[in-house]
Each structure stands twice: as structure tokens, then as C-alpha cells.
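*Asks:* Provided below: upload-v2.cif, containing mmCIF, C-alpha atoms.
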data_run
loop_
_atom_site.label_atom_id
_atom_site.label_comp_id
_atom_site.auth_asym_id
_atom_site.auth_seq_id
_atom_site.Cartn_x
_atom_site.Cartn_y
_atom_site.Cartn_z
CA MET A 1 -130.35 -57.95 -213.72
CA ARG A 2 -128.42 -57.10 -216.85
CA PHE A 3 -125.06 -55.34 -217.09
CA SER A 4 -123.86 -52.41 -219.14
CA LEU A 5 -120.61 -50.47 -219.53
CA PHE A 6 -120.40 -46.71 -218.97
CA ALA A 7 -117.17 -45.27 -220.34
CA HIS A 8 -115.44 -42.16 -221.63
CA MET A 9 -112.02 -41.35 -222.90
CA GLU A 10 -110.00 -40.03 -219.95
CA ARG A 11 -106.85 -37.95 -220.43
CA TRP A 12 -104.90 -36.91 -217.37
CA ASP A 13 -101.83 -35.54 -219.16
CA GLU A 14 -100.49 -35.29 -222.69
CA SER A 15 -98.58 -38.58 -222.64
CA THR A 16 -101.44 -40.46 -224.33
CA SER A 17 -102.87 -39.30 -227.66
CA HIS A 18 -106.57 -38.86 -228.27
CA ARG A 19 -106.32 -41.47 -231.01
CA GLN A 20 -104.96 -44.02 -228.54
CA LEU A 21 -107.70 -43.19 -226.08
CA PHE A 22 -110.26 -43.80 -228.81
CA GLU A 23 -108.74 -47.20 -229.56
CA ASN A 24 -108.77 -48.00 -225.84
CA LEU A 25 -112.44 -47.09 -225.51
CA THR A 26 -113.26 -49.23 -228.53
CA GLU A 27 -111.42 -52.19 -227.01
CA LEU A 28 -113.38 -51.91 -223.75
CA ALA A 29 -116.67 -51.71 -225.67
CA LEU A 30 -115.83 -54.83 -227.68
CA MET A 31 -114.92 -56.63 -224.45
CA ALA A 32 -118.29 -55.66 -222.98
CA GLU A 33 -120.16 -57.02 -225.99
CA ALA A 34 -118.19 -60.27 -225.95
CA GLY A 35 -118.85 -60.55 -222.22
CA GLY A 36 -122.61 -60.41 -222.63
CA PHE A 37 -123.22 -56.81 -221.57
CA SER A 38 -126.52 -55.39 -222.79
CA THR A 39 -125.40 -51.84 -223.57
CA VAL A 40 -122.41 -49.54 -223.92
CA TRP A 41 -123.08 -46.00 -222.68
CA VAL A 42 -121.14 -42.85 -223.57
CA GLY A 43 -122.05 -39.39 -222.26
CA GLU A 44 -121.68 -35.79 -223.40
CA HIS A 45 -119.08 -33.40 -221.99
CA HIS A 46 -117.34 -30.40 -223.46
CA ALA A 47 -113.81 -28.98 -223.34
CA MET A 48 -112.63 -31.14 -220.44
CA GLU A 49 -109.86 -33.66 -220.94
CA TYR A 50 -110.77 -35.89 -218.02
CA THR A 51 -114.15 -36.75 -219.61
CA ILE A 52 -113.77 -36.58 -223.39
CA SER A 53 -117.00 -36.80 -225.38
CA PRO A 54 -118.22 -33.65 -227.14
CA SER A 55 -120.93 -35.86 -228.65
CA PRO A 56 -121.63 -39.50 -227.85
CA LEU A 57 -123.29 -40.10 -231.22
CA PRO A 58 -120.24 -40.35 -233.55
CA ILE A 59 -118.50 -42.58 -230.99
CA LEU A 60 -121.54 -44.84 -230.85
CA ALA A 61 -121.86 -44.81 -234.64
CA HIS A 62 -118.29 -46.11 -234.84
CA LEU A 63 -119.11 -48.79 -232.29
CA ALA A 64 -122.22 -49.71 -234.29
CA ALA A 65 -119.97 -50.68 -237.19
CA ARG A 66 -117.67 -52.71 -234.92
CA THR A 67 -120.37 -54.58 -232.98
CA SER A 68 -123.46 -56.62 -233.77
CA THR A 69 -125.45 -57.28 -230.62
CA VAL A 70 -124.68 -54.76 -227.87
CA ARG A 71 -127.03 -51.80 -227.58
CA LEU A 72 -125.58 -48.31 -227.89
CA GLY A 73 -126.60 -45.68 -225.38
CA ALA A 74 -126.11 -41.93 -225.34
CA GLY A 75 -125.87 -41.54 -221.62
CA THR A 76 -126.68 -38.70 -221.61
CA ILE A 77 -127.16 -35.85 -224.02
CA ILE A 78 -127.49 -32.49 -222.24
CA ALA A 79 -130.92 -31.06 -223.00
CA PRO A 80 -130.07 -27.31 -223.08
CA PHE A 81 -127.38 -27.95 -225.72
CA TRP A 82 -129.71 -29.66 -228.20
CA HIS A 83 -132.49 -28.30 -230.43
CA PRO A 84 -135.34 -30.86 -230.59
CA VAL A 85 -135.15 -31.25 -234.39
CA ARG A 86 -131.42 -31.90 -234.24
CA ALA A 87 -131.74 -34.27 -231.27
CA ALA A 88 -134.51 -36.26 -232.95
CA GLY A 89 -132.74 -36.53 -236.32
CA GLU A 90 -129.28 -37.37 -235.01
CA THR A 91 -130.45 -40.01 -232.54
CA ALA A 92 -132.70 -41.54 -235.20
CA LEU A 93 -129.73 -41.67 -237.57
CA LEU A 94 -127.78 -43.61 -234.94
CA ASP A 95 -130.72 -46.00 -234.69
CA VAL A 96 -130.59 -46.52 -238.46
CA ILE A 97 -126.81 -46.97 -238.47
CA SER A 98 -127.02 -49.53 -235.64
CA ASN A 99 -130.12 -51.25 -237.07
CA GLY A 100 -132.28 -50.53 -234.07
CA ARG A 101 -129.78 -50.69 -231.20
CA MET A 102 -129.86 -47.05 -230.10
CA GLU A 103 -130.93 -45.87 -226.64
CA VAL A 104 -130.89 -42.22 -225.62
CA GLY A 105 -130.53 -40.74 -222.17
CA ILE A 106 -131.32 -37.11 -221.51
CA ALA A 107 -130.12 -34.98 -218.59
CA ARG A 108 -130.47 -31.38 -217.55
CA GLY A 109 -126.68 -30.96 -217.25
CA ALA A 110 -124.47 -30.37 -214.23
CA TYR A 111 -121.31 -28.37 -214.98
CA GLN A 112 -121.82 -24.61 -214.93
CA ILE A 113 -118.47 -24.33 -216.70
CA GLU A 114 -120.08 -25.95 -219.76
CA PHE A 115 -123.19 -23.77 -219.60
CA ASP A 116 -121.01 -20.65 -219.48
CA ARG A 117 -119.52 -21.67 -222.82
CA LEU A 118 -122.40 -23.35 -224.64
CA ALA A 119 -125.58 -21.82 -223.22
CA ASP A 120 -124.77 -18.12 -222.71
CA GLY A 121 -124.34 -18.60 -218.99
CA LEU A 122 -127.73 -20.21 -218.38
CA LYS A 123 -127.76 -21.57 -214.84
CA ALA A 124 -127.13 -25.30 -214.91
CA THR A 125 -129.83 -25.68 -212.27
CA ASP A 126 -132.35 -24.32 -214.79
CA GLY A 127 -131.64 -27.04 -217.33
CA GLY A 128 -134.61 -29.08 -216.15
CA ARG A 129 -136.97 -26.82 -218.12
CA HIS A 130 -135.18 -27.79 -221.31
CA LEU A 131 -135.29 -31.48 -220.43
CA ARG A 132 -139.04 -31.44 -219.77
CA GLU A 133 -139.65 -29.73 -223.11
CA LEU A 134 -137.17 -31.76 -225.15
CA VAL A 135 -138.43 -35.24 -224.22
CA PRO A 136 -141.98 -35.02 -225.64
CA ALA A 137 -140.82 -32.94 -228.62
CA VAL A 138 -138.27 -35.54 -229.70
CA ARG A 139 -140.81 -38.32 -229.29
CA ALA A 140 -143.31 -36.41 -231.46
CA LEU A 141 -140.72 -35.68 -234.15
CA TRP A 142 -139.80 -39.37 -234.31
CA GLN A 143 -143.43 -40.13 -235.17
CA GLY A 144 -143.96 -37.59 -237.96
CA ASP A 145 -144.88 -33.98 -238.67
CA TYR A 146 -144.92 -31.82 -235.58
CA ALA A 147 -144.92 -28.09 -234.86
CA HIS A 148 -143.71 -26.80 -231.52
CA ASP A 149 -144.58 -23.65 -229.59
CA GLY A 150 -142.89 -24.06 -226.24
CA GLU A 151 -141.28 -21.96 -223.55
CA ILE A 152 -137.76 -22.70 -224.80
CA TRP A 153 -138.16 -23.58 -228.48
CA GLN A 154 -140.58 -22.61 -231.22
CA PHE A 155 -140.53 -24.04 -234.72
CA PRO A 156 -142.99 -24.71 -237.56
CA THR A 157 -143.92 -28.16 -238.79
CA ALA A 158 -140.92 -30.46 -239.01
CA THR A 159 -140.15 -34.14 -238.60
CA SER A 160 -137.26 -36.40 -237.76
CA VAL A 161 -135.35 -37.40 -240.87
CA PRO A 162 -134.49 -40.21 -240.83
CA LYS A 163 -137.03 -42.05 -238.71
CA PRO A 164 -135.85 -44.51 -236.06
CA VAL A 165 -135.83 -48.21 -236.87
CA GLN A 166 -137.33 -49.05 -233.47
CA ARG A 167 -141.07 -48.64 -233.22
CA PRO A 168 -143.04 -47.12 -231.67
CA ALA A 169 -139.90 -45.36 -230.39
CA PRO A 170 -136.37 -46.10 -229.19
CA PRO A 171 -135.94 -46.43 -225.42
CA MET A 172 -135.49 -43.10 -223.71
CA TRP A 173 -133.82 -42.66 -220.33
CA ILE A 174 -133.75 -39.75 -217.91
CA ALA A 175 -131.03 -39.10 -215.34
CA ALA A 176 -132.96 -38.55 -212.11
CA ARG A 177 -132.19 -37.77 -208.50
CA ASP A 178 -134.96 -35.76 -206.85
CA PRO A 179 -138.58 -36.99 -206.61
CA ALA A 180 -139.81 -34.53 -209.25
CA SER A 181 -137.38 -35.84 -211.88
CA HIS A 182 -138.35 -39.44 -211.09
CA ASP A 183 -142.01 -38.50 -211.42
CA PHE A 184 -141.49 -36.73 -214.73
CA ALA A 185 -139.49 -39.63 -216.17
CA VAL A 186 -142.07 -42.26 -215.22
CA SER A 187 -145.00 -40.09 -216.33
CA GLN A 188 -143.39 -39.87 -219.77
CA GLY A 189 -142.76 -43.63 -219.95
CA CYS A 190 -139.00 -43.10 -219.77
CA ASN A 191 -136.55 -45.40 -218.09
CA VAL A 192 -134.58 -43.95 -215.18
CA MET A 193 -130.83 -43.87 -214.60
CA VAL A 194 -129.45 -42.98 -211.16
CA THR A 195 -126.02 -42.70 -209.59
CA PRO A 196 -125.37 -42.63 -205.85
CA LEU A 197 -121.92 -41.12 -206.50
CA MET A 198 -119.78 -41.51 -203.38
CA LYS A 199 -122.67 -42.43 -201.08
CA GLY A 200 -123.36 -45.92 -199.79
CA ASP A 201 -126.01 -48.45 -200.64
CA GLU A 202 -128.50 -46.63 -198.45
CA GLU A 203 -128.52 -44.01 -201.22
CA VAL A 204 -129.29 -46.70 -203.78
CA ALA A 205 -132.22 -47.81 -201.65
CA ASP A 206 -133.40 -44.20 -201.33
CA LEU A 207 -133.23 -43.63 -205.08
CA LYS A 208 -135.09 -46.90 -205.67
CA ALA A 209 -137.78 -45.74 -203.22
CA LYS A 210 -138.21 -42.49 -205.17
CA PHE A 211 -138.52 -44.50 -208.38
CA ASP A 212 -141.08 -46.85 -206.76
CA THR A 213 -143.14 -43.88 -205.57
CA ALA A 214 -143.20 -42.44 -209.08
CA VAL A 215 -144.25 -45.83 -210.50
CA ALA A 216 -147.04 -46.13 -207.92
CA ASP A 217 -148.24 -42.61 -208.74
CA HIS A 218 -148.58 -43.46 -212.44
CA PRO A 219 -150.42 -46.78 -212.69
CA GLU A 220 -151.46 -45.83 -216.23
CA VAL A 221 -147.84 -46.18 -217.40
CA PRO A 222 -146.12 -49.59 -217.79
CA ARG A 223 -143.26 -49.84 -215.29
CA PRO A 224 -140.06 -48.45 -216.82
CA ASP A 225 -136.59 -49.84 -216.12
CA LEU A 226 -134.22 -48.57 -213.44
CA MET A 227 -130.45 -48.45 -213.98
CA VAL A 228 -127.86 -47.88 -211.25
CA LEU A 229 -124.51 -46.45 -212.35
CA ARG A 230 -121.54 -46.95 -210.04
CA HIS A 231 -117.77 -46.77 -210.16
CA THR A 232 -116.71 -50.41 -210.37
CA HIS A 233 -113.37 -52.19 -210.09
CA VAL A 234 -112.64 -55.89 -209.62
CA HIS A 235 -109.26 -57.09 -208.34
CA PRO A 236 -107.90 -60.63 -207.92
CA ALA A 237 -108.78 -62.52 -204.75
CA ASP A 238 -105.09 -63.19 -204.05
CA ASP A 239 -104.34 -59.45 -203.86
CA PRO A 240 -105.90 -58.25 -200.58
CA ASP A 241 -104.67 -54.69 -201.18
CA GLY A 242 -105.93 -54.59 -204.76
CA TRP A 243 -108.75 -52.29 -203.75
CA ARG A 244 -106.45 -49.40 -202.84
CA PRO A 245 -105.28 -48.28 -206.33
CA ALA A 246 -108.92 -48.23 -207.47
CA ALA A 247 -110.14 -46.32 -204.42
CA GLU A 248 -107.30 -43.82 -204.75
CA GLY A 249 -108.03 -43.48 -208.48
CA ILE A 250 -111.71 -42.81 -207.83
CA ASN A 251 -110.73 -40.30 -205.15
CA ARG A 252 -108.66 -38.49 -207.78
CA PHE A 253 -111.61 -38.66 -210.17
CA TYR A 254 -113.98 -37.05 -207.66
CA ARG A 255 -111.45 -34.39 -206.68
CA THR A 256 -111.18 -33.53 -210.39
CA PHE A 257 -114.96 -33.53 -210.68
CA ASP A 258 -115.03 -31.10 -207.77
CA ALA A 259 -112.56 -28.77 -209.49
CA TRP A 260 -114.65 -28.66 -212.67
CA PHE A 261 -117.95 -28.46 -210.83
CA GLY A 262 -116.70 -25.63 -208.63
CA ASN A 263 -116.00 -23.49 -211.72
CA ARG A 264 -113.56 -21.27 -209.85
CA THR A 265 -110.40 -21.86 -211.86
CA ALA A 266 -109.90 -21.40 -215.59
CA PRO A 267 -108.87 -24.65 -217.27
CA VAL A 268 -105.59 -24.70 -219.19
CA ASN A 269 -105.90 -26.42 -222.55
CA GLY A 270 -108.70 -28.61 -221.21
CA PHE A 271 -106.97 -29.63 -217.96
CA LEU A 272 -107.77 -28.74 -214.34
CA GLU A 273 -105.80 -29.99 -211.38
CA PRO A 274 -107.84 -32.02 -208.89
CA SER A 275 -108.99 -30.13 -205.82
CA PRO A 276 -106.41 -30.66 -203.05
CA PRO A 277 -107.04 -33.46 -200.53
CA GLU A 278 -107.10 -31.00 -197.64
CA LYS A 279 -110.27 -29.45 -199.07
CA PHE A 280 -112.07 -32.65 -198.10
CA GLU A 281 -110.99 -32.78 -194.46
CA GLY A 282 -114.13 -33.49 -192.50
CA ARG A 283 -115.67 -35.20 -195.57
CA PRO A 284 -114.95 -38.86 -194.83
CA GLU A 285 -117.00 -40.05 -197.80
CA PHE A 286 -114.15 -38.96 -200.09
CA THR A 287 -111.41 -41.00 -198.41
CA PRO A 288 -110.11 -44.10 -200.21
CA GLU A 289 -111.21 -46.23 -197.26
CA SER A 290 -114.78 -44.94 -197.57
CA LEU A 291 -114.79 -45.27 -201.36
CA HIS A 292 -113.67 -48.89 -200.92
CA ARG A 293 -116.98 -49.46 -199.10
CA THR A 294 -119.28 -47.31 -201.25
CA ALA A 295 -118.01 -47.78 -204.79
CA VAL A 296 -118.25 -51.35 -206.05
CA ILE A 297 -114.62 -52.33 -205.48
CA GLY A 298 -113.58 -55.80 -204.47
CA THR A 299 -112.76 -59.37 -205.35
CA PRO A 300 -115.13 -61.18 -207.73
CA ALA A 301 -116.90 -62.86 -204.79
CA GLU A 302 -117.29 -59.54 -202.97
CA VAL A 303 -118.66 -57.84 -206.06
CA VAL A 304 -121.12 -60.68 -206.73
CA GLU A 305 -122.43 -60.42 -203.16
CA ARG A 306 -122.81 -56.65 -203.47
CA LEU A 307 -124.63 -56.84 -206.77
CA ARG A 308 -126.95 -59.55 -205.47
CA GLY A 309 -128.30 -56.87 -203.15
CA TYR A 310 -129.04 -54.59 -206.08
CA GLU A 311 -130.76 -57.39 -207.93
CA GLU A 312 -132.90 -58.18 -204.89
CA LEU A 313 -133.74 -54.48 -204.58
CA GLY A 314 -135.28 -54.61 -208.04
CA VAL A 315 -132.59 -52.87 -210.11
CA ASP A 316 -133.02 -53.81 -213.79
CA GLU A 317 -129.60 -52.74 -215.08
CA TYR A 318 -126.29 -52.30 -213.33
CA SER A 319 -123.86 -50.10 -215.23
CA PHE A 320 -120.15 -50.71 -214.71
CA TRP A 321 -118.76 -47.15 -214.58
CA ILE A 322 -115.16 -47.65 -215.61
CA ASP A 323 -113.99 -44.00 -215.50
CA ASN A 324 -111.63 -43.86 -212.53
CA SER A 325 -108.33 -42.19 -213.56
CA LEU A 326 -106.54 -45.56 -213.73
CA SER A 327 -104.56 -46.76 -216.74
CA HIS A 328 -106.18 -48.58 -219.62
CA GLU A 329 -104.34 -51.75 -218.64
CA GLU A 330 -105.82 -51.61 -215.12
CA LYS A 331 -109.31 -50.98 -216.48
CA ARG A 332 -108.99 -53.83 -218.96
CA ALA A 333 -107.86 -56.28 -216.26
CA SER A 334 -110.77 -55.27 -214.04
CA LEU A 335 -113.33 -55.64 -216.83
CA GLU A 336 -111.86 -59.02 -217.83
CA LEU A 337 -112.24 -60.27 -214.27
CA PHE A 338 -115.81 -58.95 -214.07
CA VAL A 339 -116.75 -60.70 -217.31
CA LYS A 340 -115.06 -63.94 -216.32
CA GLU A 341 -116.09 -64.26 -212.68
CA VAL A 342 -118.98 -61.90 -211.93
CA VAL A 343 -121.27 -62.00 -214.96
CA PRO A 344 -121.68 -65.83 -214.90
CA ALA A 345 -123.16 -65.61 -211.38
CA PHE A 346 -126.14 -63.71 -212.84
CA GLN A 347 -126.80 -65.87 -215.90
#
How would this structure read if it were set down as C-alpha cells?
*Replies:*
Amino acid sequence: MRFSLFAHMERWDESTSHRQLFENLTELALMAEAGGFSTVWVGEHHAMEYTISPSPLPILAHLAARTSTVRLGAGTIIAPFWHPVRAAGETALLDVISNGRMEVGIARGAYQIEFDRLADGLKATDGGRHLRELVPAVRALWQGDYAHDGEIWQFPTATSVPKPVQRPAPPMWIAARDPASHDFAVSQGCNVMVTPLMKGDEEVADLKAKFDTAVADHPEVPRPDLMVLRHTHVHPADDPDGWRPAAEGINRFYRTFDAWFGNRTAPVNGFLEPSPPEKFEGRPEFTPESLHRTAVIGTPAEVVERLRGYEELGVDEYSFWIDNSLSHEEKRASLELFVKEVVPAFQ
């Protein structure tokens, strides 16, 4: 099982500049490469300070110039916000810039607050139609001349310029949760990325079962890879309470996610206050104590044991999701400990 880093710039107030956040993200990416991680992933989010990445591609292009071995993943671009010709050309350009290290994930999108601003109020739940049309169109454009007459997009003959370095095509990933999205991903020969969010390892097993069903239903397709993305934090073994700041930070992250996802309050200059703790009374999965058990938080030995289970389950890539509302210094210390004491157990 290989490891990757999933990271964004996080800004919780105006005390840290965007430039500093960019430098911090770059430092974490360089640490991941030096630590033997396979890939650095950056997603797409708009107009929200707690997840800063209006496009992953320029960030990854910068990292391409600073790195030499780590792969660079757009994880993910939001299908309804991208025309196929633009998506094909811009991702191919990243592949050229990185000399064949680009990977692209595609998702339908989740935040209605983004759709209200970028997609004329299209329901976020309808984004799957765009995803299913975008994937084969981008693949065709990477190969050469292609005209498209679809439900969402129509355009005359065009092609991706430039063409990707990787042939026959760069790896493509799809963020999946329900059985239909797993089936579509596998049928298209796409790798699958899943996140159990605040649920326990039984959810990981359930998502793996959905993936396995899709693989079994498409014997004509070589088995794709499966990636599990989880909030991760490693603390020293001599600090038995080291889990608590991470669990409380992830609680704050999810309460902020809830505020943005709920789309009931207008943001102020890109900020939204986290939903209040009392909103989650009766929802024990959001408590720090529960997040200590479900997120991958622990000493190096505890994290190794937990990840052994994922490896035995057949997970191909474990992605260290470092977004958690903690300071850069806390994130850096956690990643250093993971590289030093967890990664070697899997080599």
C-alpha cells in the first residue's frame, strides 16, 4: 500500500497571509516527496477560506517545478465547472509541465453554495450527469480530434492541445460513494477514491465492498486502484493526550464543513463560523472522542496497526488528509512523525 498527501491551504482568520499559506503547503508537499509518498493531491473549491484552491492545476504546476519524483494529483476537479476542451487541455498541460506525473480526479461536486455562484444554481446533486459526460470526452480529446454532441455540452471537432506525455492516457480517478458511481468509475477504467468522513472502519469495508462488486461486474476491465482518504494525525508515544488537539481540530473542521454545506448563512469575505457544537447533540460521531476512534489519530504504533488493516483489506493507496484546522507547525510535526515512524513499516 502506497501513501499520498491530500492538502489545501486553510485560513481560519486573517492573521496568516495567503502567501504564507502557499509556502506552508509547498513545504508539506516537499516533505511528502522526501518521505517517499507517491502523490500529492490538491482539490478544487471556490470562495471559501477554510479550503483554498480555486484551481488545483497552478498549485500543482508550481509543485512540478519544485519536485522530481512525486506524482501530482488534481483531487478533484468539479465536473460541472469545467468544459471538456478546457479540462483536457489544462490537465494535459500539467502533464507536460511535470513530465508525465499528472493524475486527475473528477467529482460531481458537493457544496450547493459553489453551484449557486458558478453553475447558475444547478443542484449539486445533479452534478453526476456532468461527470459521466466529462470523463469519456476528456479521454477522447487527449487522443486526438473529437466532436461532441452530448446532453450537457456540444462542440465541433476539437482536440487537446497540448497532448499528455503519458500514453495511452494519464490516470483518471473518480470520487465515489454509492454503488452506481463505483460501477461507472470501474466501467470507464478509472481508479476510485473514497472517504469515510467521520464514520468508522466499517464504512471503509463497505466502500471496499462496493468497489469489489463493481470490479466483479466488469471483468472486461483491468482492476483499477482504490484510494482511501482519511483525516490523519500522528502524535508522540510519550504524549498520551496528544490525540485530543487533533480530534478537536477535526471536529472544528467538520462543523465548518457543515456550515458551508448547509448553505443557510451568507459568508463574510470568504469566512463562515463553524456550526455550533449544540447542533450536533445526539450525533456522537462528531465528538472528539469518537473522531479519535474513527479518524486515523494516534501514536506511530497505533497508526501502523490501523493502516495494516487497510492494507489487508486491499486498499492500494492511503491518502494522509492533513486538513484539520490545526497550525502549520502541528501539521508539520505530525507529517514528520508519519514519515519517520509509519512509512518504514510498509516498505
*Asks:* Would you mind listing what lies within 6 Å of Ser160 (chain A) as a ChimeraX atom specification, with all atoms listed in the file counted and same-chain residues fewer than 2 positions away left out?
*Replies:* /A:88-89,141-142,162-163
*Asks:* Calculate how many Å separate CA of Met227 (chain A) from CA of Val194 (chain A), rounding to one decimal.
*Replies:* 6.2 Å
*Asks:* Using CA of Asp95 (chain A) and CA of Arg71 (chain A) as the two end points, give the distance in Å to one decimal.
*Replies:* 9.9 Å
*Asks:* Using only C-alpha atoms, which of the listed residues (A:Arg66, A:Ile97, A:Phe261, A:Met31) sits closest to Gly109 (chain A)?
*Replies:*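 The closest residue to Gly109 (chain A) is A:Phe261.
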*Asks:* Evaluated on this file, the PyMOL selection byres ((chain A and resi 276) around 12) picks out some residues - which ones are they, written as a PyMOL selection string?
*Replies:* chain A and resi 251-259+272-275+277-281+286
*Asks:* Evaluate the PyMOL selection byres ((chain A and resi 51) around 12) and record the selected residues as JSON, numbers by chain, following the chain and residue labels used in the document.
*Replies:* {"A": [6, 7, 8, 9, 10, 11, 12, 18, 21, 42, 43, 44, 45, 46, 47, 48, 49, 50, 52, 53, 54, 55, 56, 111, 253, 254, 256, 257, 260, 270, 271, 272, 322, 323, 324, 325]}
*Asks:* Pull C-alpha atoms from the residues just selected and write them as a PDB file, keeping the file's coordinate frame.
*Replies:*
ATOM      1  CA  PHE A   6    -120.400 -46.710-218.970  1.00  0.00           C
ATOM      2  CA  ALA A   7    -117.170 -45.270-220.340  1.00  0.00           C
ATOM      3  CA  HIS A   8    -115.440 -42.160-221.630  1.00  0.00           C
ATOM      4  CA  MET A   9    -112.020 -41.350-222.900  1.00  0.00           C
ATOM      5  CA  GLU A  10    -110.000 -40.030-219.950  1.00  0.00           C
ATOM      6  CA  ARG A  11    -106.850 -37.950-220.430  1.00  0.00           C
ATOM      7  CA  TRP A  12    -104.900 -36.910-217.370  1.00  0.00           C
ATOM      8  CA  HIS A  18    -106.570 -38.860-228.270  1.00  0.00           C
ATOM      9  CA  LEU A  21    -107.700 -43.190-226.080  1.00  0.00           C
ATOM     10  CA  VAL A  42    -121.140 -42.850-223.570  1.00  0.00           C
ATOM     11  CA  GLY A  43    -122.050 -39.390-222.260  1.00  0.00           C
ATOM     12  CA  GLU A  44    -121.680 -35.790-223.400  1.00  0.00           C
ATOM     13  CA  HIS A  45    -119.080 -33.400-221.990  1.00  0.00           C
ATOM     14  CA  HIS A  46    -117.340 -30.400-223.460  1.00  0.00           C
ATOM     15  CA  ALA A  47    -113.810 -28.980-223.340  1.00  0.00           C
ATOM     16  CA  MET A  48    -112.630 -31.140-220.440  1.00  0.00           C
ATOM     17  CA  GLU A  49    -109.860 -33.660-220.940  1.00  0.00           C
ATOM     18  CA  TYR A  50    -110.770 -35.890-218.020  1.00  0.00           C
ATOM     19  CA  ILE A  52    -113.770 -36.580-223.390  1.00  0.00           C
ATOM     20  CA  SER A  53    -117.000 -36.800-225.380  1.00  0.00           C
ATOM     21  CA  PRO A  54    -118.220 -33.650-227.140  1.00  0.00           C
ATOM     22  CA  SER A  55    -120.930 -35.860-228.650  1.00  0.00           C
ATOM     23  CA  PRO A  56    -121.630 -39.500-227.850  1.00  0.00           C
ATOM     24  CA  TYR A 111    -121.310 -28.370-214.980  1.00  0.00           C
ATOM     25  CA  PHE A 253    -111.610 -38.660-210.170  1.00  0.00           C
ATOM     26  CA  TYR A 254    -113.980 -37.050-207.660  1.00  0.00           C
ATOM     27  CA  THR A 256    -111.180 -33.530-210.390  1.00  0.00           C
ATOM     28  CA  PHE A 257    -114.960 -33.530-210.680  1.00  0.00           C
ATOM     29  CA  TRP A 260    -114.650 -28.660-212.670  1.00  0.00           C
ATOM     30  CA  GLY A 270    -108.700 -28.610-221.210  1.00  0.00           C
ATOM     31  CA  PHE A 271    -106.970 -29.630-217.960  1.00  0.00           C
ATOM     32  CA  LEU A 272    -107.770 -28.740-214.340  1.00  0.00           C
ATOM     33  CA  ILE A 322    -115.160 -47.650-215.610  1.00  0.00           C
ATOM     34  CA  ASP A 323    -113.990 -44.000-215.500  1.00  0.00           C
ATOM     35  CA  ASN A 324    -111.630 -43.860-212.530  1.00  0.00           C
ATOM     36  CA  SER A 325    -108.330 -42.190-213.560  1.00  0.00           C
TER      37      SER A 325
END
*Asks:* Find the residues near Val138 (chain A): any atom within 10 Å, counting all atoms listed in the file, skip ones fewer than 5 places away on the same chain, and give them as a ChimeraX atom specification.
*Replies:* /A:83-89,91-92,133,143,146,159-160,169
*Asks:* Let me see the file: selected residues, C-alpha atoms, as a JSON list (two decimals), in the coordinates of the input.
*Replies:*
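Contents of part-v1.json, as written:
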[["chain", "number", "residue", "atom", "x", "y", "z"],
["A", 83, "HIS", "CA", -132.49, -28.30, -230.43],
["A", 84, "PRO", "CA", -135.34, -30.86, -230.59],
["A", 85, "VAL", "CA", -135.15, -31.25, -234.39],
["A", 86, "ARG", "CA", -131.42, -31.90, -234.24],
["A", 87, "ALA", "CA", -131.74, -34.27, -231.27],
["A", 88, "ALA", "CA", -134.51, -36.26, -232.95],
["A", 89, "GLY", "CA", -132.74, -36.53, -236.32],
["A", 91, "THR", "CA", -130.45, -40.01, -232.54],
["A", 92, "ALA", "CA", -132.70, -41.54, -235.20],
["A", 133, "GLU", "CA", -139.65, -29.73, -223.11],
["A", 143, "GLN", "CA", -143.43, -40.13, -235.17],
["A", 146, "TYR", "CA", -144.92, -31.82, -235.58],
["A", 159, "THR", "CA", -140.15, -34.14, -238.60],
["A", 160, "SER", "CA", -137.26, -36.40, -237.76],
["A", 169, "ALA", "CA", -139.90, -45.36, -230.39]]
*Asks:* From the options A:Ala32, A:Val215, A:Val135, A:Val161, which residue's atoms come nearest to Glu90 (chain A), counting only C-alpha atoms?
*Replies:*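 Using only C-alpha atoms, the shortest distance to Glu90 (chain A) belongs to A:Val161.
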*Asks:* When you count all atoms listed in the file, which of these residues is closest to Arg283 (chain A): A:Arg308, A:Arg230, A:Lys210, A:Lys199?
*Replies:* A:Lys199
